[in-house]
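Notes follow the structure.
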Amino acid sequence: MATLSAKEIAKYIDHTLLKPNASSAAIHTLCEEAAQHQFFSVCVNSQFVATAAKALEGTGVKVAAVVGFPLGASLSEVKAYEAAKAVENGAAEIDTVLPIGLLLEGQHDAVRSDIKQVVDAVKGKAIVKVIMETGFLNDEQKAAACRLSEEAGAHFVKTSTGFGPGGATVEDVRLMRHNVSDTIGVKASGGVRDLQTAIAMIEAGATRLGTSSGVAIVNGTQGASTY
C-alpha cells in the first residue's frame, strides 16, 4: 500500500472517548480535535451524543454512539431503544456489542436477532457496527459472528470494545475481512495507538479505525492513552 497522508488516514478514524469518567469538557475537546483533523467521526457513549452533535454541527464530522456497551449483555429491546434515542439525538452510526455469552454458547439465532433488533431500530437513519469482542472468541466463533452480523443487516464488524481482553490484531482483521462480503466494513479498535499499527490494520483490510489516539496517529507519533 502506498503511504497514506495524514488527511487520508484521518478519514479512517473514529476519534473515541468512552471512559466512564469522561466529562462534557473532555467531549468538547474530542470534538474540537476531530473537527481540526477532519476525522471521520467521534465515538461516544449515548449520554454525550447530543453534546457531540451540537459541537460538530457544520464540520462534516459524524457522531457514532456505542450501544449495550461494553458488555453486550443488555436486553435486545434496551439496545434497540438506546440506538433509536442516540439517532434521535444526532448519531449517524451505532456501534453495538453483540451478546458475547450467547455467541459462546452457540445460540446463533439469538445473536442474529439481537443485532437485527438494533439494525431495524435505526434502519435508513444510521449504519450499525457490531462489536464482537474478539479476545473472548476463537477463530470459528469470530467467523460465525461475522456471518451473523451480515445476515442481520449490519454494515460493519468491529474487533473490540477496548475494555475486554486484548484488542485489535492484524490476524483478526484479516479473518474478519475474509468472512464478510465486500459491502461490509471492518473496524479495528482496541490498541490502535500509532501510525505503524494503523497502517498495518488498513493493509489487513480495516476500513475504519477506532482509537483515542487519533491525533497521535495523524501526527505520526506514539499515543499514550487507551479508551
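Ligands are numbered from 1 in the order shown, residues from 1 within each chain, and chains are lettered A, B, ... in the order they appear in the C-alpha cells.
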
List as a list of chain:residue names the protein and nucleic acid residues near A:Val119, meaning an atom at most 10 Å away when only C-alpha atoms are counted, but skip any in the same chain fewer than 2 places from it.
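Once the nearby chain positions are removed, what remains is A:Ala80, A:Ala83, A:Ala84, A:Ile94, A:Thr96, A:Ser113, A:Asp114, A:Ile115, A:Lys116, A:Gln117, A:Ala121, A:Val122, A:Lys123, A:Gly124, A:Lys125, A:Ala126, A:Ile127, A:Val128, A:Lys129, A:Val130, A:Ser149, A:Ala152, A:Gly153, A:Ala154, A:His155.
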
Can you list every residue of stretch 53-146 of chain A that has an atom at most 12 Å from stretch 203-212 of chain A, with its nearest atom pair and the distance in Å to one decimal, using only C-alpha atoms, ordered by chain then number, as CSV?
```
residue,atom,partner,partner_atom,distance
A:Ala64,CA,A:Gly210,CA,10.6
A:Val66,CA,A:Gly210,CA,11.6
A:Asp95,CA,A:Gly210,CA,10.5
A:Lys129,CA,A:Arg208,CA,10.4
A:Ile131,CA,A:Gly210,CA,11.1
```

Expected file: the selected residues, N, CA and C atoms, as a compact mmCIF listing (two decimals), in the first residue's frame:
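After the write, again31.txt holds the following:
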```txt
# COMPACT_ATOMS: atom_id res chain seq x y z
N ALA A 64 -20.80 8.85 16.26
CA ALA A 64 -21.12 7.43 16.47
C ALA A 64 -21.39 7.22 17.95
N VAL A 66 -22.03 4.24 21.06
CA VAL A 66 -21.97 2.83 21.44
C VAL A 66 -23.28 2.43 22.12
N ASP A 95 -22.50 1.67 17.24
CA ASP A 95 -21.57 0.57 17.50
C ASP A 95 -22.16 -0.26 18.63
N LYS A 129 -22.49 -0.91 13.40
CA LYS A 129 -21.27 -1.71 13.52
C LYS A 129 -21.46 -2.68 14.68
N ILE A 131 -19.76 -4.97 17.47
CA ILE A 131 -18.54 -5.25 18.22
C ILE A 131 -18.56 -6.70 18.68
```

Find the spatial neighbours of stretch 160-169 of chain A, counting only C-alpha atoms, within a cut-off of 8 Å - ignore same-chain residues fewer than 4 positions away - and output them as a list in words.
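Answer for this query is Phe69, Pro70, Val97, Ile131, Met132, Glu133, Thr134, Gly135, Phe136, Val173, Ala188, Ser189, Gly190, Gly191, Val192, Met201, Thr226 and Tyr227 of chain A.
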
Provide the atom CA of A:Val42 to atom CA of A:Ile199 distance in Å, to one decimal place.
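Computing it gives 19.7 Å between the two atoms.
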
Under the rule that only C-alpha atoms are counted, which of A:Glu82, A:Asp172, A:Glu33, A:Glu88 is the nearest residue to A:Asp14?
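Counting only C-alpha atoms, the residue closest to A:Asp14 is A:Glu33.
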
Residue neighbourhood A:Lys11, 8 Å, only C-alpha atoms, exclusion window fewer than 6 positions, as a tab-separated table (two decimals) with N, CA and C atoms, in the first residue's frame:
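So the final result, stored in selection.tsv, reads:
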```tsv
chain	number	residue	atom	x	y	z
A	38	GLN	N	-10.30	16.61	10.83
A	38	GLN	CA	-11.29	16.03	9.92
A	38	GLN	C	-11.31	14.50	9.98
A	39	PHE	N	-11.40	14.00	11.22
A	39	PHE	CA	-11.61	12.57	11.40
A	39	PHE	C	-12.99	12.20	10.87
A	40	PHE	N	-13.20	10.91	10.61
A	40	PHE	CA	-14.50	10.50	10.07
A	40	PHE	C	-15.61	10.78	11.07
```

Stretch 38-225 of chain A: which residues are helix (DSSP H, G or I) by DSSP, as an MDAnalysis selection string?
chainID A and resid 46:55 76:88 100:104 108:121 134:136 139:151 170:178 195:204 214:218

Using only C-alpha atoms, which residue out of A:Leu195, A:Leu98, A:Ala25, A:Val215 lies closest to A:Val157?
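Using only C-alpha atoms, A:Val157 sits closest to A:Leu98.
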
Nearest to A:Glu8 by atom-to-atom distance, counting only C-alpha atoms, from A:Leu102, A:Ala50, A:His37, A:His178:
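Of A:Leu102, A:Ala50, A:His37, A:His178, the one nearest A:Glu8, counting only C-alpha atoms, is A:His37.
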
I'd like the neighbourhood of A:Met176 as a short mmCIF file (atom, residue, chain, number, x, y, z; two decimals) with N, CA, C and O atoms, in the first residue's frame, where a residue qualifies if any of its atoms comes within 10 Å (using only C-alpha atoms), though same-chain residues fewer than 2 positions away should be ignored.
```cif
data_model
loop_
_atom_site.label_atom_id
_atom_site.label_comp_id
_atom_site.auth_asym_id
_atom_site.auth_seq_id
_atom_site.Cartn_x
_atom_site.Cartn_y
_atom_site.Cartn_z
N ASP A 139 -11.32 -18.61 16.50
CA ASP A 139 -11.49 -18.22 15.11
C ASP A 139 -12.84 -18.64 14.54
O ASP A 139 -13.46 -17.91 13.76
N LYS A 142 -15.38 -16.18 15.81
CA LYS A 142 -15.22 -14.89 15.12
C LYS A 142 -15.87 -14.95 13.74
O LYS A 142 -16.57 -14.01 13.33
N ALA A 143 -15.63 -16.04 13.03
CA ALA A 143 -16.22 -16.20 11.70
C ALA A 143 -17.75 -16.24 11.79
O ALA A 143 -18.46 -15.63 10.97
N ALA A 144 -18.26 -16.94 12.81
CA ALA A 144 -19.72 -17.01 13.00
C ALA A 144 -20.28 -15.62 13.30
O ALA A 144 -21.34 -15.24 12.77
N ALA A 145 -19.59 -14.85 14.13
CA ALA A 145 -20.05 -13.51 14.46
C ALA A 145 -20.12 -12.62 13.22
O ALA A 145 -21.05 -11.83 13.05
N CYS A 146 -19.14 -12.77 12.35
CA CYS A 146 -19.15 -12.02 11.08
C CYS A 146 -20.37 -12.39 10.25
O CYS A 146 -21.08 -11.53 9.74
N ARG A 147 -20.59 -13.68 10.11
CA ARG A 147 -21.70 -14.16 9.29
C ARG A 147 -23.04 -13.69 9.86
O ARG A 147 -23.91 -13.21 9.13
N VAL A 157 -18.38 -5.01 10.89
CA VAL A 157 -17.99 -5.81 12.04
C VAL A 157 -16.78 -5.13 12.67
O VAL A 157 -15.97 -4.51 11.98
N LYS A 158 -16.68 -5.22 13.98
CA LYS A 158 -15.67 -4.48 14.74
C LYS A 158 -15.02 -5.41 15.75
O LYS A 158 -15.69 -6.26 16.35
N THR A 159 -13.74 -5.23 15.98
CA THR A 159 -12.98 -6.17 16.81
C THR A 159 -13.35 -6.12 18.28
O THR A 159 -13.73 -7.13 18.86
N VAL A 170 -3.83 -7.74 13.64
CA VAL A 170 -3.81 -7.87 12.18
C VAL A 170 -4.47 -9.17 11.76
O VAL A 170 -5.24 -9.21 10.79
N GLU A 171 -4.20 -10.24 12.51
CA GLU A 171 -4.76 -11.56 12.16
C GLU A 171 -6.28 -11.54 12.25
O GLU A 171 -6.97 -12.10 11.38
N ASP A 172 -6.82 -10.92 13.28
CA ASP A 172 -8.28 -10.87 13.42
C ASP A 172 -8.92 -10.00 12.34
O ASP A 172 -9.97 -10.35 11.80
N VAL A 173 -8.30 -8.88 12.02
CA VAL A 173 -8.83 -8.03 10.96
C VAL A 173 -8.85 -8.79 9.64
O VAL A 173 -9.83 -8.75 8.89
N ARG A 174 -7.78 -9.51 9.37
CA ARG A 174 -7.70 -10.29 8.13
C ARG A 174 -8.78 -11.36 8.10
O ARG A 174 -9.44 -11.59 7.08
N HIS A 178 -12.11 -11.59 5.57
CA HIS A 178 -12.33 -12.80 4.76
C HIS A 178 -13.74 -13.36 4.96
O HIS A 178 -14.25 -14.07 4.09
N ASN A 179 -14.35 -13.05 6.11
CA ASN A 179 -15.63 -13.68 6.45
C ASN A 179 -16.85 -12.77 6.30
O ASN A 179 -17.94 -13.12 6.74
N VAL A 180 -16.66 -11.63 5.67
CA VAL A 180 -17.80 -10.78 5.29
C VAL A 180 -17.66 -10.42 3.83
O VAL A 180 -16.57 -10.49 3.26
N SER A 181 -18.76 -10.02 3.24
CA SER A 181 -18.71 -9.63 1.83
C SER A 181 -18.06 -8.26 1.69
O SER A 181 -17.84 -7.54 2.67
N ILE A 184 -19.45 -5.03 3.38
CA ILE A 184 -19.40 -4.87 4.83
C ILE A 184 -18.04 -4.31 5.24
O ILE A 184 -17.00 -4.80 4.80
N GLY A 185 -18.05 -3.29 6.09
CA GLY A 185 -16.80 -2.70 6.58
C GLY A 185 -16.23 -3.48 7.74
O GLY A 185 -16.93 -4.26 8.40
N VAL A 186 -14.94 -3.28 8.00
CA VAL A 186 -14.26 -3.89 9.13
C VAL A 186 -13.60 -2.78 9.94
O VAL A 186 -12.82 -1.99 9.41
N LYS A 187 -13.93 -2.72 11.22
CA LYS A 187 -13.37 -1.69 12.10
C LYS A 187 -12.42 -2.34 13.11
O LYS A 187 -12.81 -3.24 13.86
N ALA A 188 -11.18 -1.86 13.12
CA ALA A 188 -10.19 -2.30 14.09
C ALA A 188 -10.19 -1.33 15.26
O ALA A 188 -10.01 -0.12 15.07
N ALA A 204 -4.41 -4.89 6.37
CA ALA A 204 -5.04 -6.19 6.63
C ALA A 204 -6.51 -6.20 6.22
O ALA A 204 -7.13 -7.27 6.16
N GLY A 205 -7.08 -5.02 5.95
CA GLY A 205 -8.46 -4.97 5.48
C GLY A 205 -9.38 -4.08 6.27
O GLY A 205 -10.58 -4.00 5.97
N ALA A 206 -8.87 -3.37 7.28
CA ALA A 206 -9.72 -2.47 8.05
C ALA A 206 -10.13 -1.28 7.21
O ALA A 206 -9.30 -0.70 6.49
#
```

From a DSSP pass on the backbone, collect the residues of stretch 2-132 of chain A flagged as strand (DSSP E or B) and hand them back as an NGL selection string.
:A and (13-17 or 41-45 or 62-67 or 93-97 or 127-131)

Between atom CA of A:Gly58 and atom CA of A:Ala86, measure the distance and give it in Å to one decimal.
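Answer for the atom CA of A:Gly58 to atom CA of A:Ala86 separation: 18.8 Å.
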